file input_1.cif (mmCIF, C-alpha atoms)
data_query
loop_
_atom_site.label_atom_id
_atom_site.label_comp_id
_atom_site.auth_asym_id
_atom_site.auth_seq_id
_atom_site.Cartn_x
_atom_site.Cartn_y
_atom_site.Cartn_z
CA MET P 8 0.00 0.00 0.00
CA LYS P 9 1.31 3.37 -0.98
CA LYS P 10 1.85 5.62 2.01
CA ILE P 11 0.44 9.13 2.07
CA GLN P 12 2.98 11.86 2.66
CA ILE P 13 2.13 14.31 5.48
CA GLN P 14 4.24 17.16 6.77
CA LYS P 15 6.20 16.16 9.85
CA ASN P 16 4.68 18.78 12.19
CA LEU P 17 1.13 18.03 11.03
CA ARG P 18 1.67 14.29 11.38
CA LEU P 19 3.06 14.78 14.88
CA ALA P 20 0.20 17.09 15.88
CA ILE P 21 -2.46 14.64 14.66
CA GLY P 22 -0.76 11.81 16.52
CA LEU P 23 -0.56 13.78 19.77
CA ILE P 24 -4.21 14.85 19.51
CA CYS P 25 -5.31 11.23 18.99
CA ILE P 26 -3.24 10.06 21.96
CA VAL P 27 -4.58 12.81 24.23
CA LEU P 28 -8.17 12.03 23.19
CA VAL P 29 -7.64 8.30 23.79
CA VAL P 30 -6.32 9.06 27.29
CA ILE P 31 -9.24 11.40 28.05
CA LEU P 32 -11.88 8.98 26.77
CA GLY P 33 -10.18 6.12 28.58
CA ALA P 34 -10.22 8.07 31.83
CA LEU P 35 -13.88 8.98 31.35
CA CYS P 36 -14.75 5.38 30.56
CA PHE P 37 -12.91 4.14 33.67
CA TYR P 38 -14.53 6.79 35.87
CA GLU P 39 -18.01 5.99 34.54
CA TYR P 40 -17.45 2.26 35.14
CA LYS P 41 -15.86 2.70 38.57
CA TYR P 42 -18.06 5.51 39.82
CA PRO P 43 -21.46 5.38 38.08
CA GLY P 44 -22.79 7.98 40.53
CA VAL P 45 -25.38 8.06 43.27
CA GLU P 46 -28.82 9.58 43.60
CA GLU P 47 -30.26 10.82 46.85
CA THR P 48 -33.83 9.71 47.40
CA LYS P 49 -36.28 9.95 50.23
CA VAL P 50 -37.00 6.62 51.90
CA PRO P 51 -39.58 5.81 54.59
CA LEU P 52 -37.96 5.05 57.95
CA TYR P 53 -41.12 4.57 60.00
CA GLY P 54 -44.55 4.20 58.44
CA TYR P 55 -47.79 4.97 60.20
CA THR P 56 -51.45 5.93 59.70
CA ALA P 57 -53.67 8.20 61.78
CA LYS P 58 -57.39 7.68 61.37
CA GLU P 59 -60.25 9.84 62.69
CA GLU P 60 -63.90 8.88 62.32
CA ILE P 61 -67.38 9.92 63.48
CA ASN P 62 -70.42 7.68 63.29
CA TYR P 63 -73.89 8.62 64.45
CA GLU P 64 -77.60 7.78 64.42
CA VAL P 65 -80.58 9.87 65.44
CA VAL P 66 -82.56 8.27 68.23
CA LEU P 67 -86.27 9.11 67.92
CA LYS P 68 -88.99 9.96 70.41
CA PRO P 69 -92.15 7.85 70.30
CA ASN P 70 -94.11 9.06 67.27
CA SER P 71 -96.80 8.05 64.82
CA LEU P 72 -94.56 8.28 61.77
CA TYR P 73 -91.61 5.93 62.28
CA ASP P 74 -91.70 2.30 63.34
CA THR P 75 -87.96 2.27 64.12
CA LYS P 76 -86.29 3.65 67.21
CA SER P 77 -83.56 5.45 65.26
CA LEU P 78 -82.60 6.74 61.85
CA SER P 79 -79.24 6.11 60.20
CA GLU P 80 -76.75 8.66 58.86
CA GLY P 81 -77.30 10.96 55.91
CA GLN P 82 -81.05 11.54 56.25
CA THR P 83 -83.19 14.57 56.99
CA TYR P 84 -84.57 14.53 60.52
CA LEU P 85 -87.71 16.15 61.95
CA THR P 86 -86.70 18.20 64.99
CA ASN P 87 -89.77 17.36 67.12
CA PHE P 88 -89.22 13.62 66.55
CA ALA P 89 -85.50 13.67 67.43
CA ASN P 90 -84.65 12.68 70.99
CA TYR P 91 -80.84 12.86 70.71
CA VAL P 92 -77.99 12.14 68.32
CA ALA P 93 -75.97 9.09 69.38
CA THR P 94 -72.41 9.83 68.21
CA VAL P 95 -69.29 7.70 68.31
CA PHE P 96 -65.97 9.56 68.10
CA THR P 97 -63.03 7.32 67.17
CA TYR P 98 -59.31 8.05 66.76
CA GLU P 99 -56.68 5.44 65.89
CA PHE P 100 -52.90 5.53 65.41
CA VAL P 101 -51.10 2.52 63.88
CA GLY P 102 -47.30 2.39 63.44
CA GLU P 103 -45.15 -0.25 61.86
CA ARG P 104 -43.11 -0.76 65.06
CA GLU P 105 -43.50 -0.19 68.76
CA ALA P 106 -43.46 3.44 69.93
CA GLU P 107 -44.00 5.43 73.11
CA ILE P 108 -47.41 7.02 72.57
CA ASN P 109 -48.90 9.74 74.76
CA GLY P 110 -51.24 12.70 74.45
CA ASN P 111 -54.67 13.97 75.42
CA TYR P 112 -58.16 14.50 74.03
CA GLU P 113 -61.42 16.30 74.85
CA ILE P 114 -64.91 16.50 73.36
CA VAL P 115 -66.90 19.72 73.42
CA ALA P 116 -70.17 21.01 72.01
CA ILE P 117 -70.24 24.60 70.76
CA VAL P 118 -73.53 26.42 70.32
CA GLU P 119 -73.13 29.47 68.11
CA GLY P 120 -75.33 32.23 66.77
CA TYR P 121 -74.34 33.69 63.42
CA THR P 122 -75.40 35.46 60.28
CA GLY P 123 -74.32 35.09 56.67
CA GLU P 124 -72.64 32.22 54.87
CA GLY P 125 -69.18 31.62 53.44
CA GLU P 126 -67.19 34.85 53.10
CA THR P 127 -70.04 36.85 54.66
CA PHE P 128 -70.21 34.62 57.77
CA ILE P 129 -70.22 36.56 61.05
CA SER P 130 -70.26 34.88 64.46
CA LEU P 131 -72.57 36.80 66.81
CA TRP P 132 -72.21 34.74 69.97
CA LYS P 133 -70.78 31.40 71.06
CA LYS P 134 -71.05 29.09 74.06
CA GLU P 135 -68.93 25.99 74.74
CA PHE P 136 -70.25 22.94 76.64
CA PRO P 137 -67.69 20.30 77.73
CA LEU P 138 -68.84 16.78 76.92
CA VAL P 139 -65.61 14.96 77.85
CA PRO P 140 -63.02 16.92 79.84
CA LYS P 141 -59.39 16.92 78.70
CA THR P 142 -58.10 13.43 79.33
CA SER P 143 -54.52 12.15 79.05
CA PHE P 144 -53.48 8.82 77.59
CA GLU P 145 -50.27 6.87 77.09
CA ALA P 146 -49.23 3.52 75.68
CA LYS P 147 -46.13 1.67 74.56
CA ASP P 148 -47.21 -0.28 71.54
CA LYS P 149 -47.29 -0.13 67.75
CA SER P 150 -50.91 1.08 67.79
CA PHE P 151 -53.33 3.07 69.91
CA SER P 152 -57.05 3.80 69.61
CA LEU P 153 -59.73 5.57 71.58
CA SER P 154 -63.51 5.64 71.11
CA ARG P 155 -66.17 7.60 72.96
CA ASN P 156 -69.98 7.41 72.71
CA ILE P 157 -71.52 10.85 73.17
CA PRO P 158 -75.25 11.64 73.09
CA LEU P 159 -76.10 15.09 71.69
CA LYS P 160 -79.48 16.31 72.92
CA ILE P 161 -80.61 18.58 70.13
CA GLY P 162 -83.64 19.74 72.17
CA ASP P 163 -81.44 21.11 74.98
CA TYR P 164 -79.28 23.06 72.52
CA ASN P 165 -82.37 24.39 70.76
CA ALA P 166 -83.71 25.65 74.10
CA PHE P 167 -80.41 27.38 74.90
CA ALA P 168 -80.33 29.09 71.50
CA GLU P 169 -83.93 30.32 71.95
CA LYS P 170 -83.09 31.67 75.38
CA ILE P 171 -80.12 33.66 74.05
CA SER P 172 -82.26 35.01 71.22
CA GLU P 173 -84.95 36.16 73.67
CA GLU P 174 -82.48 37.73 76.06
CA SER P 175 -80.42 39.47 73.34
CA LYS P 176 -83.42 40.43 71.24
CA VAL P 177 -81.34 39.28 68.25
CA ASN P 178 -83.03 36.81 65.98
CA ALA P 179 -80.04 34.99 64.44
CA GLN P 180 -79.35 31.61 62.95
CA ALA P 181 -77.85 29.05 65.33
CA LYS P 182 -76.03 25.74 65.14
CA VAL P 183 -74.40 23.18 67.39
CA THR P 184 -70.98 21.66 66.62
CA ALA P 185 -69.55 18.64 68.47
CA ILE P 186 -65.74 18.38 68.23
CA MET P 187 -63.21 15.87 69.51
CA ASN P 188 -59.78 17.54 69.87
CA VAL P 189 -56.89 15.04 69.90
CA GLU P 190 -53.18 15.73 70.45
CA LEU P 191 -50.86 12.72 70.07
CA THR P 192 -47.09 12.30 70.29
CA ALA P 193 -45.35 9.06 69.27
CA LYS P 194 -41.67 8.63 70.09
CA THR P 195 -40.25 6.08 67.61
CA ASP P 196 -36.79 4.68 66.94
CA LYS P 197 -36.60 6.98 63.89
CA GLY P 198 -37.90 10.20 65.43
CA ILE P 199 -40.91 11.84 67.02
CA ILE P 200 -44.34 12.04 65.42
CA GLU P 201 -46.76 14.78 66.45
CA LYS P 202 -50.37 14.63 65.28
CA LYS P 203 -53.45 16.76 65.90
CA ALA P 204 -57.02 15.94 64.92
CA SER P 205 -60.38 17.69 65.28
CA PRO P 206 -63.17 15.59 63.75
CA SER P 207 -66.58 17.21 64.17
CA LEU P 208 -70.25 17.08 63.26
CA GLU P 209 -72.64 20.01 62.89
CA ALA P 210 -76.43 20.45 63.03
CA PRO P 211 -78.61 23.57 62.69
CA LEU P 212 -80.78 24.71 65.61
CA ASN P 213 -84.26 26.24 65.87
CA THR P 214 -85.47 24.66 62.63
CA GLY P 215 -88.37 22.30 61.99
CA TYR P 216 -85.98 19.77 60.44
CA PHE P 217 -82.23 19.38 60.17
CA LYS P 218 -79.41 17.50 58.48
CA ILE P 219 -76.08 16.62 60.08
CA THR P 220 -72.75 17.43 58.46
CA LYS P 221 -69.57 15.51 59.31
CA VAL P 222 -66.05 16.97 58.99
CA GLN P 223 -63.20 14.50 59.24
CA SER P 224 -59.80 14.13 57.59
CA GLU P 225 -59.13 11.35 55.15
CA SER P 226 -56.87 8.60 56.44
CA LYS P 227 -53.75 7.98 54.38
CA PRO P 228 -50.37 6.34 55.00
CA GLU P 229 -47.63 8.64 56.27
CA ALA P 230 -44.00 8.10 57.23
CA ILE P 231 -40.93 9.58 58.85
CA GLU P 232 -38.60 9.97 55.87
CA GLY P 233 -34.83 9.94 55.54
CA ILE P 234 -32.34 10.57 52.76
CA GLU P 235 -30.66 7.54 51.23
CA SER P 236 -27.94 7.47 48.58
CA VAL P 237 -28.75 4.93 45.89
CA GLN P 238 -26.05 3.88 43.43
CA LEU P 239 -27.10 4.48 39.85
CA PRO P 240 -26.79 1.68 37.28
CA LEU P 241 -24.03 1.76 34.68
CA ASN P 242 -24.79 3.97 31.71
CA GLN P 243 -24.29 1.34 29.01
CA ASN P 244 -24.89 3.75 26.13
CA LEU P 245 -22.25 6.15 27.43
CA LEU P 246 -19.71 3.35 27.92
CA ILE P 247 -20.37 2.06 24.40
CA GLY P 248 -19.93 5.59 23.04
CA TYR P 249 -16.61 5.98 24.83
CA GLY P 250 -15.50 2.56 23.55
CA ILE P 251 -16.38 3.42 19.96
CA GLY P 252 -14.55 6.73 20.26
CA ILE P 253 -11.43 5.03 21.62
CA GLY P 254 -11.57 2.39 18.89
CA LEU P 255 -11.83 4.98 16.12
CA LEU P 256 -8.94 6.98 17.57
CA LEU P 257 -6.76 3.86 17.78
CA ILE P 258 -7.57 3.03 14.16
CA ALA P 259 -6.65 6.60 13.22
CA LEU P 260 -3.32 6.21 15.03
CA LEU P 261 -2.56 2.94 13.22
CA VAL P 262 -3.39 4.54 9.88
CA LEU P 263 -1.18 7.49 10.79
CA LEU P 264 1.72 5.21 11.78
CA PHE P 265 1.55 2.67 8.98
CA GLY P 266 -0.43 4.41 6.24
CA THR P 267 1.40 7.72 6.14
CA LYS P 268 4.96 8.94 6.07
CA LYS P 269 6.75 12.16 6.67
CA ALA P 270 6.68 14.41 3.62
CA GLU P 271 10.11 14.96 2.11
CA SER P 272 11.05 18.58 2.74
CA ASP P 273 14.62 18.40 1.32
CA PRO P 274 14.39 19.85 -2.21
CA TYR P 275 17.43 17.73 -3.31
CA ALA P 276 15.83 14.46 -2.30
CA LYS P 277 12.49 15.52 -3.78
CA GLU P 278 14.00 16.43 -7.15
CA ILE P 279 16.25 13.35 -7.28
CA LYS P 280 13.34 11.03 -6.52
CA LYS P 281 11.37 12.75 -9.24
CA ILE P 282 14.20 12.13 -11.74
CA PHE P 283 14.50 8.46 -10.82
CA LYS P 284 10.76 8.02 -11.07
CA LYS P 285 10.49 9.63 -14.52
CA HIS P 286 13.76 8.58 -16.16
CA GLY P 287 14.89 5.63 -14.06
CA THR P 288 14.99 3.24 -17.05
CA ARG P 289 17.51 5.50 -18.82
CA LEU P 290 19.91 5.90 -15.91
CA VAL P 291 23.13 3.89 -15.50
CA ALA P 292 24.64 3.55 -12.03
CA LEU P 293 28.47 3.55 -11.65
CA GLU P 294 30.62 2.57 -8.70
CA SER P 295 33.85 4.38 -9.67
CA GLU P 296 34.53 8.06 -10.07
CA VAL P 297 36.31 10.23 -12.64
CA THR P 298 37.45 13.82 -12.65
CA ALA P 299 36.76 16.33 -15.33
CA THR P 300 38.21 19.76 -15.82
CA SER P 301 35.91 22.71 -16.01
CA GLY P 302 36.80 23.13 -19.66
CA GLN P 303 35.45 19.71 -20.46
CA GLN P 304 32.09 20.27 -18.72
CA ASN P 305 28.95 21.57 -20.33
CA ARG P 306 26.27 22.26 -17.74
CA VAL P 307 22.59 21.96 -18.55
CA ARG P 308 19.68 23.58 -16.69
CA SER P 309 17.23 20.67 -16.56
CA ILE P 310 17.12 16.91 -16.65
CA GLU P 311 14.97 17.16 -19.78
CA ASP P 312 17.87 18.93 -21.55
CA LEU P 313 20.22 16.13 -20.52
CA VAL P 314 17.71 13.54 -21.76
CA ARG P 315 17.54 15.24 -25.16
CA ILE P 316 21.39 15.28 -25.35
CA SER P 317 21.45 11.61 -24.44
CA ASP P 318 18.97 10.86 -27.23
CA GLU P 319 20.94 12.97 -29.73
CA LEU P 320 24.30 11.37 -28.93
CA GLY P 321 22.96 7.91 -28.28
CA LYS P 322 24.76 7.87 -24.94
CA PRO P 323 23.42 6.76 -21.53
CA ILE P 324 22.84 9.05 -18.56
CA ILE P 325 25.18 7.99 -15.80
CA TYR P 326 25.44 8.81 -12.12
CA LYS P 327 27.42 7.64 -9.12
CA TYR P 328 25.50 5.00 -7.21
CA SER P 329 24.87 5.46 -3.47
CA ASP P 330 22.53 3.89 -0.95
CA ASN P 331 21.48 7.42 -0.09
CA PRO P 332 19.63 8.88 -3.09
CA LYS P 333 20.57 12.37 -1.96
CA GLU P 334 24.23 11.60 -2.73
CA SER P 335 23.35 10.87 -6.37
CA SER P 336 22.57 14.43 -7.33
CA ARG P 337 24.82 14.82 -10.42
CA PHE P 338 23.92 13.21 -13.76
CA TRP P 339 26.23 12.91 -16.78
CA VAL P 340 26.26 12.24 -20.50
CA ILE P 341 29.80 11.69 -21.83
CA ASP P 342 30.70 12.00 -25.52
CA ASP P 343 34.41 11.39 -26.14
CA GLN P 344 36.05 14.07 -24.03
CA ARG P 345 32.96 16.29 -23.66
CA TYR P 346 30.96 16.08 -20.44
CA TYR P 347 27.35 17.17 -20.23
CA VAL P 348 26.24 17.45 -16.61
CA TYR P 349 23.02 18.26 -14.80
CA ASP P 350 23.79 19.10 -11.17
CA VAL P 351 20.64 19.05 -9.03
CA LYS P 352 22.29 20.93 -6.16
CA GLU P 353 23.57 23.75 -8.30
CA VAL P 354 20.26 24.21 -10.09
CA ILE P 355 18.22 24.18 -6.88
CA GLU P 356 20.61 26.40 -4.93
CA SER P 357 20.59 28.97 -7.71
CA GLY P 358 16.85 29.41 -7.19
CA LEU P 359 16.84 29.50 -3.33
CA SER P 360 16.80 32.51 -1.03
CA LEU P 361 19.72 33.11 1.30
CA LYS P 362 17.86 31.60 4.24
CA GLU P 363 16.93 28.49 2.24
CA LYS P 364 20.53 28.12 1.02
CA VAL P 365 21.81 28.08 4.59
CA ARG P 366 19.26 25.40 5.52
CA VAL P 367 20.00 23.29 2.46
CA SER P 368 23.72 23.63 3.02
CA ALA P 369 23.37 22.38 6.57
CA SER P 370 21.32 19.43 5.34
CA ARG P 371 23.93 18.65 2.70
CA ASP P 372 26.79 18.76 5.21
CA LYS P 373 25.07 16.09 7.26
CA VAL P 374 24.94 13.78 4.26
CA GLY P 375 28.39 14.50 2.91
CA ASP P 376 29.52 15.32 -0.62
CA GLY P 377 29.18 12.26 -2.82
CA ASN P 378 28.82 14.07 -6.15
CA LYS P 379 32.12 13.65 -7.87
CA ALA P 380 31.93 12.82 -11.54
CA PRO P 381 32.47 9.27 -12.77
CA THR P 382 35.66 8.59 -14.70
CA PRO P 383 35.73 7.32 -18.28
CA ALA P 384 37.32 4.18 -16.90
CA ALA P 385 33.92 3.21 -15.67
CA PHE P 386 32.89 2.50 -19.25
#
call {"tool": "encode", "arguments": {"input": "input_1.cif", "output": "structure tokens"}}
result
Amino acid sequence: MKKIQIQKNLRLAIGLICIVLVVILGALCFYEYKYPGVEETKVPLYGYTAKEEINYEVVLKPNSLYDTKSLSEGQTYLTNFANYVATVFTYEFVGEREAEINGNYEIVAIVEGYTGEGETFISLWKKEFPLVPKTSFEAKDKSFSLSRNIPLKIGDYNAFAEKISEESKVNAQAKVTAIMNVELTAKTDKGIIEKKASPSLEAPLNTGYFKITKVQSESKPEAIEGIESVQLPLNQNLLIGYGIGIGLLLIALLVLLFGTKKAESDPYAKEIKKIFKKHGTRLVALESEVTATSGQQNRVRSIEDLVRISDELGKPIIYKYSDNPKESSRFWVIDDQRYYVYDVKEVIESGLSLKEKVRVSASRDKVGDGNKAPTPAAF
């Protein structure tokens, strides 16, 4: 395979760039394989649920309308038929492991007079009635629950609201709200949990009929969370990309080493190689040397001129053989005692600048002067 000539500096620069890129990609590939990276994620350390619930039924007075003693949730109730509302307040805490649980709870009924609804709501008066005083609790377990049955006598609260209306001479809407306030603290092996809950139910007062509204939070799993570093999987695509890049660079280096060669910058060698390539079949190599006086020499300005002389005289073009082509820079055609010579060095040096002549001279000194003319004895 014929090698491509590339200037020495360019060839060296390309080689260094390829080597540097191979080292960089190799380092990146190693780092990606050895240290694929980590990702910080939140992980549950202690899971738990807190559940609040209110159930009720309306216990009826004896009446001619209903055959049952009570009505279930979600109905409309006639005030004169309602004896009381039987409510069950329940709160439950369940953890995944044992914990030190403590806290307190209370249940109160609030009778309130008001006007307006929504954004125009204005509380005119309010009275609180304790149903269960503040009570403490504690346990050492993975779960805790409490449940209290509380009867709400709608008639008593209606009477109180009427009394306040009569005394204040303010005819306002009124309602009763029953609330269970719970405060719980759970000391776990992963930290402290603090929970508050206020489930409630509400009913209007001083109306011929009423409906009951429950307010309670939805139960959902919760957890004490921590930060955990998770090692990421190897990025296979990135590693393959690095590998392909390294492979291509290595191929480029091999091509550079074995498929290219340094471009010949010496004008002597370049011209001599050109002569041998074009006229090599007409050249005769000699081992011995001859001397010729300047009077016997006829110098020509190009190898083509010497070729034409050779054709005209029917004489060969001779030169002194050397393993170094640069030492074979003088070519001769000899006719009797006339010498026709084409000297590559003289022709090239005559066309060089002073700076180039100094460089060429230095290059020639390294090689040595092997350009003496062959003697006629060589024939």
call {"tool": "resolve_selection", "arguments": {"input": "input_1.cif", "expression": "the PyMOL selection byres ((chain P and resi 65) around 7)", "output": "PyMOL selection string"}}
result
chain P and resi 63-64+66-67+77-79+89+91-93
call {"tool": "resolve_selection", "arguments": {"input": "input_1.cif", "expression": "the PyMOL selection byres ((chain P and resi 308) around 10)", "output": "mmCIF file with C-alpha atoms, keeping the file's coordinate frame"}}
result
data_model
loop_
_atom_site.group_PDB
_atom_site.id
_atom_site.type_symbol
_atom_site.label_atom_id
_atom_site.label_comp_id
_atom_site.auth_asym_id
_atom_site.auth_seq_id
_atom_site.Cartn_x
_atom_site.Cartn_y
_atom_site.Cartn_z
ATOM 1 C CA ARG P 306 26.270 22.260 -17.740
ATOM 2 C CA VAL P 307 22.590 21.960 -18.550
ATOM 3 C CA SER P 309 17.230 20.670 -16.560
ATOM 4 C CA ILE P 310 17.120 16.910 -16.650
ATOM 5 C CA GLU P 311 14.970 17.160 -19.780
ATOM 6 C CA ASP P 312 17.870 18.930 -21.550
ATOM 7 C CA LEU P 313 20.220 16.130 -20.520
ATOM 8 C CA VAL P 348 26.240 17.450 -16.610
ATOM 9 C CA TYR P 349 23.020 18.260 -14.800
ATOM 10 C CA ASP P 350 23.790 19.100 -11.170
ATOM 11 C CA VAL P 351 20.640 19.050 -9.030
ATOM 12 C CA GLU P 353 23.570 23.750 -8.300
ATOM 13 C CA VAL P 354 20.260 24.210 -10.090
ATOM 14 C CA ILE P 355 18.220 24.180 -6.880
#
call {"tool": "closest_residue", "arguments": {"input": "input_1.cif", "among": "P:Gly266, P:Gly254, P:Gly33, P:Gly44", "to": "Asn242 of chain P", "atoms": "all atoms listed in the file"}}
result
P:Gly44
call {"tool": "residues_around", "arguments": {"input": "input_1.cif", "residues": "Asn62 of chain P", "least_positions_apart": "4", "cutoff": "12 Å", "atoms": "all atoms listed in the file", "output": "PyMOL selection string"}}
result
chain P and resi 79-81+92-98+154-158+206-208+219-223
call {"tool": "closest_residue", "arguments": {"input": "input_1.cif", "among": "P:Ala204, P:Lys194, P:Glu47, P:Glu99", "to": "Glu113 of chain P", "atoms": "all atoms listed in the file"}}
result
P:Ala204
call {"tool": "resolve_selection", "arguments": {"input": "input_1.cif", "expression": "the PyMOL selection byres ((chain P and resi 332-347) around 7)", "output": "list in words"}}
result
Tyr275, Ala276, Ile279, Gln303, Gln304, Asn305, Arg306, Val307, Ser317, Lys322, Pro323, Ile324, Ile325, Tyr326, Lys327, Tyr328, Ser329, Asp330, Asn331, Val348, Tyr349, Asp350, Val351, Lys352, Asp376, Gly377 and Asn378 of chain P
call {"tool": "atom_distance", "arguments": {"input": "input_1.cif", "atom1": "atom CA of Tyr112 of chain P", "atom2": "atom CA of Lys147 of chain P"}}
result
17.6 Å
call {"tool": "closest_residue", "arguments": {"input": "input_1.cif", "among": "P:Ala185, P:Lys58, P:Thr86, P:Ile114", "to": "Asn70 of chain P", "atoms": "only C-alpha atoms"}}
result
P:Thr86
call {"tool": "atom_distance", "arguments": {"input": "input_1.cif", "atom1": "atom CA of Gly250 of chain P", "atom2": "atom CA of Cys36 of chain P"}}
result
7.6 Å
call {"tool": "atom_distance", "arguments": {"input": "input_1.cif", "atom1": "atom CA of Lys41 of chain P", "atom2": "atom CA of Gly233 of chain P"}}
result
26.5 Å
call {"tool": "residues_around", "arguments": {"input": "input_1.cif", "residues": "segment 163-168 of chain P", "least_positions_apart": "5", "cutoff": "8 Å", "atoms": "all atoms listed in the file", "output": "PDB file with C-alpha atoms, in the frame of the given file"}}
result
ATOM      1  CA  VAL P 118     -73.530  26.420  70.320  1.00  0.00           C
ATOM      2  CA  GLU P 119     -73.130  29.470  68.110  1.00  0.00           C
ATOM      3  CA  GLY P 120     -75.330  32.230  66.770  1.00  0.00           C
ATOM      4  CA  ALA P 181     -77.850  29.050  65.330  1.00  0.00           C
ATOM      5  CA  VAL P 183     -74.400  23.180  67.390  1.00  0.00           C
ATOM      6  CA  LEU P 212     -80.780  24.710  65.610  1.00  0.00           C
ATOM      7  CA  ASN P 213     -84.260  26.240  65.870  1.00  0.00           C
TER       8      ASN P 213
END
call {"tool": "closest_residue", "arguments": {"input": "input_1.cif", "among": "P:Val189, P:Val29, P:Tyr53, P:Gln12", "to": "Ile258 of chain P", "atoms": "all atoms listed in the file"}}
result
P:Val29
call {"tool": "decode", "arguments": {"input": "input_1.cif", "residues": "segment 15-20 of chain P", "atoms": "all heavy atoms", "output": "tab-separated table (two decimals), in the first residue's frame"}}
result
chain	number	residue	atom	x	y	z
P	15	LYS	N	5.76	16.71	8.57
P	15	LYS	CA	6.20	16.16	9.85
P	15	LYS	C	5.43	16.77	11.02
P	15	LYS	O	4.92	16.06	11.89
P	15	LYS	CB	7.69	16.39	10.03
P	15	LYS	CG	8.23	15.90	11.36
P	15	LYS	CD	9.73	16.18	11.48
P	15	LYS	CE	10.25	15.73	12.85
P	15	LYS	NZ	11.69	16.03	13.00
P	16	ASN	N	5.35	18.11	11.07
P	16	ASN	CA	4.68	18.78	12.19
P	16	ASN	C	3.19	18.43	12.24
P	16	ASN	O	2.63	18.22	13.33
P	16	ASN	CB	4.85	20.29	12.10
P	16	ASN	CG	6.29	20.72	12.33
P	16	ASN	OD1	7.08	19.97	12.93
P	16	ASN	ND2	6.65	21.91	11.86
P	17	LEU	N	2.54	18.38	11.08
P	17	LEU	CA	1.13	18.03	11.03
P	17	LEU	C	0.91	16.59	11.47
P	17	LEU	O	-0.02	16.28	12.23
P	17	LEU	CB	0.58	18.24	9.62
P	17	LEU	CG	-0.90	17.87	9.40
P	17	LEU	CD1	-1.79	18.68	10.33
P	17	LEU	CD2	-1.30	18.05	7.95
P	18	ARG	N	1.78	15.71	11.01
P	18	ARG	CA	1.67	14.29	11.38
P	18	ARG	C	1.85	14.12	12.89
P	18	ARG	O	1.12	13.36	13.54
P	18	ARG	CB	2.74	13.50	10.62
P	18	ARG	CG	2.61	11.98	10.70
P	18	ARG	CD	3.51	11.35	9.66
P	18	ARG	NE	3.38	9.91	9.64
P	18	ARG	CZ	4.26	9.06	10.19
P	18	ARG	NH1	5.32	9.55	10.79
P	18	ARG	NH2	4.06	7.76	10.12
P	19	LEU	N	2.81	14.85	13.44
P	19	LEU	CA	3.06	14.78	14.88
P	19	LEU	C	1.88	15.35	15.66
P	19	LEU	O	1.46	14.77	16.67
P	19	LEU	CB	4.34	15.54	15.23
P	19	LEU	CG	4.74	15.55	16.72
P	19	LEU	CD1	5.00	14.13	17.20
P	19	LEU	CD2	5.97	16.42	16.92
P	20	ALA	N	1.33	16.46	15.18
P	20	ALA	CA	0.20	17.09	15.88
P	20	ALA	C	-1.02	16.17	15.88
P	20	ALA	O	-1.69	16.01	16.91
P	20	ALA	CB	-0.15	18.42	15.22
